[in-house]
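See below for the structure under consideration.
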Amino acid sequence: MDNLESLLKQLSTQVFQGGGFDRPLVTKRRSRLCVAVRASHRSLLPNSIILDTSSSGSTYFMEPKEAVELNNMEVKLSSSERVEEQTILSLLTSEISESNMKIKHLLDKILEIDLAFARAGHAQWMGAACPALSPRNCNISQSEHLSIKVEGIQHPLLLESSLRNLSTDVSPRSPDLNQGNDVMNFETKSHAHFPVPIDIKIGHGTKVVVISGPNTGGKTASMKTLGLVSMMLKAGMYLPAQNKPRLPWFDLILADIGDQQSLEQSLSTFSGHISRLREILEVVSRESLVLIDELGSGTDPSEGVALSESVLQYLKDRVNLAVVTTHYADLTRLKEKDNRFETAATEFSLETLQPTYRILWGSMGESNALNIAKSMGFDERIIERAVLWVNKLRPDKQQEQKGLLYRSLIEERDRLESQAMEAASLHSDIMNIYNEINNETQDLDGREAALIAKETHEIQQEVRTVENEIQTIVQRFESQLGNVSADEINTLVKKAEAAIASIIEAHQPSKDSLVREIGQSLYTPQVGEQVYVKAFGNKLATVVEEPGNDDTILVQYGKIRVRVGRSSIRPIPPDASSSAANLKTQVQRIRSLRDLGSLSEATKNPQDSYGPVLQTSKNTVDLRGLRVEDASHQLNIAIDSRAPNSVIFVIHGMGTGVVKESALKLLRDHPRVVKFEQESPMNYGCTVAYIK
């Protein structure tokens with residue numbers, strides 16, 4: 001190819017110099033390299049082969065006779081090259097085909113992983129919760145008496161639409177993650193709308209649920225939500241609900257929702273529903289979920305009610321759960337005859353004449369067709385005439401419903417009054433405890449000073465007594481020292497030492513008190529026994545539960561029950577303690593009450609309360625051994641991650657002092673740091689910072 005191109009370039013230059021073309025041009029025609037030349041100057045390339053001409057016929061593309069052999073060789077070698085490539089590709093393909101099953105298996109696993117990540121991403125995007133399967137056995141605990149318990153569920157498709165619309169309304173810095181449950185929050189604009197969350201709670205014994213209520217009230221949407229979340233559960237997806245949703249496993253999810261009318265198949269609205277319903281009844285099983293919208297509609301109401309009731313009676317023995325929507329009041333009364341039926345109603349606000357899209361379980365709802373028509377701007381004269389007809393057709397039913405509404409309001413009032421009385425009683429108990437603590441904390445400083453003065457006076461008096469007794473012995477020893485011989489001096493010294501030792505021993509704490517202090521750690525209180533509790537200021541409390549494995553004891557003080565450590569209680573001594581011990585106990589009690597009073601004041605001013613300043617692994621950052629830049633970065637991260645009204649212990653060490661100076665400067669300038677101080681007067685290598 002190099003030889004061929006060099007030859008043709010040389011010939012094309014000669015053609016150009018001879019005026020045969022505007023410029024030297026080497027091109028390819030019919031897979032062979034050639035030279036462009038004007039038709040009038042073809043004689044410049046004698047004995048050449050014309051491979052092609054231009055569209056106007058003024059330019060010939062000629063292969064010079066000198067290039068024929070080289071072009072033939074290029075075509076032959078290119079063909080051999082393609083054959084060799086095909087051979088190599090065939091060998092590689094045969095090797096790959098031997099691993100066909102492994103590659104397909106690997107592809108299947110990659111698809112599984114991709115699906116798992118897709119489910120996880122979808123769950124995080126929707127802020128969804130992990131569902132659980134309801135137990136199938138009959139031994140169901142009280143906490144699991146519901147077969148379906150889904151709280152705050154939102155229609156998945158409606159929620160996805162809202163989130164997509166939200167993505168265009170969110171500022172770049174507005175996404176944020178809650179610390180508790182990793183749920184995405186957004187700062188939304190006022191026009192962002194989300195679907196109303198509903199609660200779906202169905203007991204284990206319930207087989208058929210009849211939902212009634214107003215048009216456009218959300219009956220069909222609620223039923224679709226149940227069907228969608230059941231399918232999402234089977235697909236291993238998280239549900240857009242609160243807490244931990246629980247549903248059973250449905251082997252089939254069969255639905256008849258929407259108008260099945262078809263001109264092509266000669267089906268009316270009613271016949272379309274019946275055709276779909278027949279197919280459902282043919283394949284239904286005991287683990288199936290059946291969803292039917294407007295059962296029995298599209299025909300004579302009396303026949304529609306009869307057919308609907310017959311279908312529900314048939315389904316209650318053959319499905320796991322059937323949910324139907326209806327406007328027939330007779331179907332909502334099936335619950336009175338069979339406890340396997342349950343009723344629910346979509347809520348309708350009589351104040352705004354608008355549905356609230358919430359479900360009231362155990363209730364029966366009305367269609368409210370006239371109110372909805374009125375809210376949509378229908379002619380008021382037609383509405384008024386329709387109201388008159390309804391009152392004429394159903395006067396007894398209207399009166400009955402008013403009576404039921406009145407009774408339900410009375411029951412609700414009684415329940416609220418009972419709750420108010422319980423709240424008042426609880427408030428009274430709390431105020432009594434508060435007043436008792438408040439009275440105990442009055443004039444604590446004065447009482448403590450008086451007790452300390454009294455104890456100090458008694459101790460000084462006791463010290464003077466001991467000094468006088470020892471002085472008497474010394475004087476007696478000195479007076480006897482001049483009247484004894486040298487052999488009796490040792491005896492006299494021993495007597496004096498024994499007398500002084502007896503005085504010291506007499507004023508030391510008794511062995512019984514030491515035994516009591518040693519035995520206190522082995523003391524195990526009994527239920528009903530009264531003990532002193534250190535946490536209550538050494539007040540008497542009653543043991544109400546035996547000590548547990550965690551070395552804590554449940555005691556009752558007044559109306560308060562609390563667990564305290566075994567080390568913080570002590571038994572009542574069999575006899576009265578010494579006056580000094582009693583005074584010390586009272587001083588400790590006063591100090592505890594004073595601390596309790598200061599704690600109460602700190603509670604009234606939460607912005608000034610930082611809690612106990614205790615060092616733990618979570619509130620400590622160690623900067624020793626780091627460079628200044630790394631230390632500043634670590635300290636910034638630690639400060640930003642701390643909660644409000646907390647402390648952080650900064651261990652910077654002493655060393656050359658460079659890291660310490662950098663840390664103190666950062667604490668001094670950081671907007672979240674209120675103040676900082678060294679950890680203790682003897683520890684200059686640790687600083688405590690208080691976070692706003």
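The chains in the structure tokens are called A, B, ... from first to last as shown; in each chain the residues are counted from 1, and the ligands are counted from 1 in the order shown.
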Excluding Tyr357 in chain A and any residue of its chain fewer than 4 positions from it, enumerate the residues within 9 Å of it, using only C-alpha atoms, and give them as a count of residues only. 11
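Across range 286-341 of chain A, DSSP run on the backbone finds alpha helix (DSSP H) at A:Pro301, A:Ser302, A:Glu303, A:Gly304, A:Val305, A:Ala306, A:Leu307, A:Ser308, A:Glu309, A:Ser310, A:Val311, A:Leu312, A:Gln313, A:Tyr314, A:Leu315, A:Ala329, A:Asp330, A:Leu331, A:Thr332.
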Restricted to all heavy atoms, what would the selected residues look like written as a short mmCIF file (atom, residue, chain, number, x, y, z; two decimals), in the first residue's frame?
```cif
data_model
loop_
_atom_site.label_atom_id
_atom_site.label_comp_id
_atom_site.auth_asym_id
_atom_site.auth_seq_id
_atom_site.Cartn_x
_atom_site.Cartn_y
_atom_site.Cartn_z
N PRO A 301 -82.45 -2.03 39.66
CA PRO A 301 -81.87 -2.06 41.01
C PRO A 301 -82.26 -3.28 41.82
O PRO A 301 -81.43 -3.85 42.54
CB PRO A 301 -82.38 -0.77 41.64
CG PRO A 301 -82.63 0.14 40.49
CD PRO A 301 -83.09 -0.74 39.37
N SER A 302 -83.52 -3.70 41.76
CA SER A 302 -83.96 -4.85 42.56
C SER A 302 -83.25 -6.12 42.12
O SER A 302 -82.77 -6.91 42.95
CB SER A 302 -85.47 -5.01 42.46
OG SER A 302 -85.86 -5.20 41.11
N GLU A 303 -83.14 -6.34 40.80
CA GLU A 303 -82.43 -7.52 40.32
C GLU A 303 -80.93 -7.39 40.56
O GLU A 303 -80.24 -8.38 40.84
CB GLU A 303 -82.70 -7.71 38.83
CG GLU A 303 -84.15 -8.06 38.52
CD GLU A 303 -84.37 -8.33 37.03
OE1 GLU A 303 -83.39 -8.19 36.27
OE2 GLU A 303 -85.49 -8.69 36.65
N GLY A 304 -80.40 -6.17 40.44
CA GLY A 304 -78.98 -5.97 40.70
C GLY A 304 -78.61 -6.28 42.14
O GLY A 304 -77.57 -6.89 42.41
N VAL A 305 -79.46 -5.88 43.11
CA VAL A 305 -79.21 -6.18 44.52
C VAL A 305 -79.24 -7.68 44.76
O VAL A 305 -78.39 -8.25 45.45
CB VAL A 305 -80.23 -5.46 45.41
CG1 VAL A 305 -80.15 -5.97 46.83
CG2 VAL A 305 -80.00 -3.96 45.38
N ALA A 306 -80.26 -8.36 44.17
CA ALA A 306 -80.38 -9.80 44.37
C ALA A 306 -79.16 -10.54 43.82
O ALA A 306 -78.61 -11.44 44.46
CB ALA A 306 -81.66 -10.30 43.70
N LEU A 307 -78.74 -10.16 42.60
CA LEU A 307 -77.58 -10.81 42.00
C LEU A 307 -76.31 -10.51 42.81
O LEU A 307 -75.48 -11.40 43.05
CB LEU A 307 -77.41 -10.32 40.56
CG LEU A 307 -76.20 -10.88 39.81
CD1 LEU A 307 -76.30 -12.40 39.68
CD2 LEU A 307 -76.08 -10.24 38.43
N SER A 308 -76.16 -9.27 43.26
CA SER A 308 -74.97 -8.90 44.02
C SER A 308 -74.88 -9.67 45.33
O SER A 308 -73.81 -10.18 45.70
CB SER A 308 -74.98 -7.40 44.29
OG SER A 308 -75.01 -6.66 43.09
N GLU A 309 -75.98 -9.78 46.05
CA GLU A 309 -75.97 -10.51 47.32
C GLU A 309 -75.65 -11.97 47.10
O GLU A 309 -74.90 -12.58 47.87
CB GLU A 309 -77.31 -10.36 48.03
CG GLU A 309 -77.35 -11.03 49.38
CD GLU A 309 -78.62 -10.73 50.15
OE1 GLU A 309 -79.39 -9.86 49.70
OE2 GLU A 309 -78.84 -11.36 51.20
N SER A 310 -76.18 -12.55 46.03
CA SER A 310 -75.89 -13.96 45.74
C SER A 310 -74.42 -14.16 45.43
O SER A 310 -73.80 -15.13 45.88
CB SER A 310 -76.75 -14.42 44.56
OG SER A 310 -76.46 -15.76 44.23
N VAL A 311 -73.82 -13.22 44.67
CA VAL A 311 -72.40 -13.34 44.34
C VAL A 311 -71.54 -13.23 45.60
O VAL A 311 -70.59 -13.99 45.79
CB VAL A 311 -72.01 -12.26 43.32
CG1 VAL A 311 -70.49 -12.18 43.16
CG2 VAL A 311 -72.66 -12.52 41.97
N LEU A 312 -71.87 -12.30 46.49
CA LEU A 312 -71.08 -12.14 47.72
C LEU A 312 -71.21 -13.35 48.64
O LEU A 312 -70.23 -13.76 49.27
CB LEU A 312 -71.51 -10.86 48.44
CG LEU A 312 -71.25 -9.55 47.69
CD1 LEU A 312 -71.66 -8.36 48.55
CD2 LEU A 312 -69.79 -9.42 47.28
N GLN A 313 -72.40 -13.90 48.73
CA GLN A 313 -72.58 -15.11 49.54
C GLN A 313 -71.77 -16.27 48.97
O GLN A 313 -71.27 -17.11 49.71
CB GLN A 313 -74.07 -15.48 49.61
CG GLN A 313 -74.95 -14.48 50.33
CD GLN A 313 -74.72 -14.47 51.83
OE1 GLN A 313 -74.01 -15.32 52.38
NE2 GLN A 313 -75.30 -13.49 52.52
N TYR A 314 -71.64 -16.31 47.65
CA TYR A 314 -70.84 -17.35 47.01
C TYR A 314 -69.34 -17.14 47.27
O TYR A 314 -68.60 -18.09 47.53
CB TYR A 314 -71.12 -17.34 45.50
CG TYR A 314 -70.32 -18.33 44.69
CD1 TYR A 314 -70.73 -19.64 44.53
CD2 TYR A 314 -69.13 -17.93 44.07
CE1 TYR A 314 -69.99 -20.54 43.78
CE2 TYR A 314 -68.37 -18.82 43.33
CZ TYR A 314 -68.81 -20.13 43.18
OH TYR A 314 -68.07 -21.02 42.44
N LEU A 315 -68.91 -15.89 47.21
CA LEU A 315 -67.48 -15.60 47.36
C LEU A 315 -66.98 -15.78 48.79
O LEU A 315 -65.80 -16.09 49.00
CB LEU A 315 -67.19 -14.17 46.89
CG LEU A 315 -67.25 -13.91 45.39
CD1 LEU A 315 -67.07 -12.42 45.11
CD2 LEU A 315 -66.18 -14.71 44.65
N ALA A 329 -77.79 0.01 49.46
CA ALA A 329 -77.78 -0.01 50.93
C ALA A 329 -78.00 -1.41 51.47
O ALA A 329 -77.54 -1.74 52.57
CB ALA A 329 -78.84 0.95 51.47
N ASP A 330 -78.72 -2.28 50.71
CA ASP A 330 -78.99 -3.64 51.19
C ASP A 330 -77.70 -4.44 51.37
O ASP A 330 -77.61 -5.30 52.26
CB ASP A 330 -79.92 -4.36 50.22
CG ASP A 330 -81.31 -3.72 50.17
OD1 ASP A 330 -81.70 -3.14 51.20
OD2 ASP A 330 -81.97 -3.78 49.13
N LEU A 331 -76.71 -4.20 50.53
CA LEU A 331 -75.46 -4.94 50.65
C LEU A 331 -74.68 -4.53 51.89
O LEU A 331 -73.94 -5.33 52.46
CB LEU A 331 -74.60 -4.71 49.41
CG LEU A 331 -75.17 -5.19 48.07
CD1 LEU A 331 -74.16 -4.96 46.95
CD2 LEU A 331 -75.55 -6.66 48.13
N THR A 332 -74.83 -3.28 52.33
CA THR A 332 -74.12 -2.84 53.53
C THR A 332 -74.70 -3.44 54.80
O THR A 332 -74.05 -3.38 55.84
CB THR A 332 -74.15 -1.32 53.62
OG1 THR A 332 -75.52 -0.88 53.72
CG2 THR A 332 -73.52 -0.68 52.39
#
```
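One finds CA of Arg42 in chain A at 10.6 Å from CA of Ser58 in chain A.
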Query - Those in range 21-76 of chain A with strand (DSSP E) from DSSP, as a ChimeraX atom specification - result: /A:26-29,32-38,49-53,59-63
How about saving the chosen residues, N, CA and C atoms kept, as a PDB file, in the first residue's frame?
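Heads up, here's the output in part_35.pdb:
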```pdb
ATOM      1  N   VAL A  26      -5.738  11.530  -5.649  1.00  0.00           N
ATOM      2  CA  VAL A  26      -5.724  10.061  -5.640  1.00  0.00           C
ATOM      3  C   VAL A  26      -6.975   9.608  -4.896  1.00  0.00           C
ATOM      4  N   THR A  27      -7.773   8.769  -5.528  1.00  0.00           N
ATOM      5  CA  THR A  27      -9.025   8.318  -4.933  1.00  0.00           C
ATOM      6  C   THR A  27      -9.212   6.834  -5.216  1.00  0.00           C
ATOM      7  N   LYS A  28     -10.345   6.275  -4.737  1.00  0.00           N
ATOM      8  CA  LYS A  28     -10.607   4.849  -4.896  1.00  0.00           C
ATOM      9  C   LYS A  28     -11.930   4.675  -5.617  1.00  0.00           C
ATOM     10  N   ARG A  29     -11.908   3.867  -6.644  1.00  0.00           N
ATOM     11  CA  ARG A  29     -13.109   3.503  -7.380  1.00  0.00           C
ATOM     12  C   ARG A  29     -13.086   1.997  -7.597  1.00  0.00           C
ATOM     13  N   ARG A  32     -10.325  -0.003  -6.068  1.00  0.00           N
ATOM     14  CA  ARG A  32      -8.961   0.111  -6.601  1.00  0.00           C
ATOM     15  C   ARG A  32      -8.574   1.580  -6.585  1.00  0.00           C
ATOM     16  N   LEU A  33      -7.306   1.846  -6.228  1.00  0.00           N
ATOM     17  CA  LEU A  33      -6.817   3.215  -6.192  1.00  0.00           C
ATOM     18  C   LEU A  33      -6.552   3.707  -7.617  1.00  0.00           C
ATOM     19  N   CYS A  34      -6.916   4.978  -7.869  1.00  0.00           N
ATOM     20  CA  CYS A  34      -6.777   5.539  -9.204  1.00  0.00           C
ATOM     21  C   CYS A  34      -6.489   7.030  -9.103  1.00  0.00           C
ATOM     22  N   VAL A  35      -6.292   7.677 -10.322  1.00  0.00           N
ATOM     23  CA  VAL A  35      -5.952   9.090 -10.394  1.00  0.00           C
ATOM     24  C   VAL A  35      -7.042   9.800 -11.183  1.00  0.00           C
ATOM     25  N   ALA A  36      -7.456  10.993 -10.710  1.00  0.00           N
ATOM     26  CA  ALA A  36      -8.446  11.798 -11.419  1.00  0.00           C
ATOM     27  C   ALA A  36      -7.758  12.640 -12.490  1.00  0.00           C
ATOM     28  N   VAL A  37      -8.358  12.662 -13.719  1.00  0.00           N
ATOM     29  CA  VAL A  37      -7.798  13.422 -14.827  1.00  0.00           C
ATOM     30  C   VAL A  37      -8.947  13.898 -15.722  1.00  0.00           C
ATOM     31  N   ARG A  38      -8.795  15.088 -16.329  1.00  0.00           N
ATOM     32  CA  ARG A  38      -9.826  15.592 -17.228  1.00  0.00           C
ATOM     33  C   ARG A  38      -9.887  14.690 -18.472  1.00  0.00           C
ATOM     34  N   ILE A  49      -6.392   2.305 -17.479  1.00  0.00           N
ATOM     35  CA  ILE A  49      -7.746   1.719 -17.456  1.00  0.00           C
ATOM     36  C   ILE A  49      -8.692   2.727 -16.818  1.00  0.00           C
ATOM     37  N   ILE A  50      -9.831   3.000 -17.490  1.00  0.00           N
ATOM     38  CA  ILE A  50     -10.837   3.918 -16.937  1.00  0.00           C
ATOM     39  C   ILE A  50     -11.756   3.120 -16.000  1.00  0.00           C
ATOM     40  N   LEU A  51     -11.700   3.437 -14.732  1.00  0.00           N
ATOM     41  CA  LEU A  51     -12.523   2.746 -13.733  1.00  0.00           C
ATOM     42  C   LEU A  51     -13.884   3.407 -13.546  1.00  0.00           C
ATOM     43  N   ASP A  52     -13.962   4.746 -13.715  1.00  0.00           N
ATOM     44  CA  ASP A  52     -15.225   5.441 -13.482  1.00  0.00           C
ATOM     45  C   ASP A  52     -15.114   6.830 -14.081  1.00  0.00           C
ATOM     46  N   THR A  53     -16.265   7.500 -14.229  1.00  0.00           N
ATOM     47  CA  THR A  53     -16.314   8.877 -14.702  1.00  0.00           C
ATOM     48  C   THR A  53     -17.198   9.680 -13.775  1.00  0.00           C
ATOM     49  N   THR A  59     -14.605  14.275 -16.122  1.00  0.00           N
ATOM     50  CA  THR A  59     -13.477  13.760 -15.345  1.00  0.00           C
ATOM     51  C   THR A  59     -13.467  12.248 -15.429  1.00  0.00           C
ATOM     52  N   TYR A  60     -12.266  11.707 -15.730  1.00  0.00           N
ATOM     53  CA  TYR A  60     -12.066  10.265 -15.738  1.00  0.00           C
ATOM     54  C   TYR A  60     -11.263   9.887 -14.488  1.00  0.00           C
ATOM     55  N   PHE A  61     -11.605   8.716 -13.960  1.00  0.00           N
ATOM     56  CA  PHE A  61     -10.828   8.147 -12.858  1.00  0.00           C
ATOM     57  C   PHE A  61     -10.095   6.951 -13.436  1.00  0.00           C
ATOM     58  N   MET A  62      -8.794   7.117 -13.641  1.00  0.00           N
ATOM     59  CA  MET A  62      -8.019   6.150 -14.407  1.00  0.00           C
ATOM     60  C   MET A  62      -6.985   5.465 -13.520  1.00  0.00           C
ATOM     61  N   GLU A  63      -6.840   4.152 -13.806  1.00  0.00           N
ATOM     62  CA  GLU A  63      -5.830   3.362 -13.105  1.00  0.00           C
ATOM     63  C   GLU A  63      -4.623   3.232 -14.028  1.00  0.00           C
TER      64      GLU A  63
END
```
Separating CA of Val493 in chain A from CA of Val466 in chain A, to the nearest tenth of an Å, is a gap of 19.1 Å
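Atom pair CA of Arg23 in chain A / CA of Ser40 in chain A: separated by 15.6 Å.
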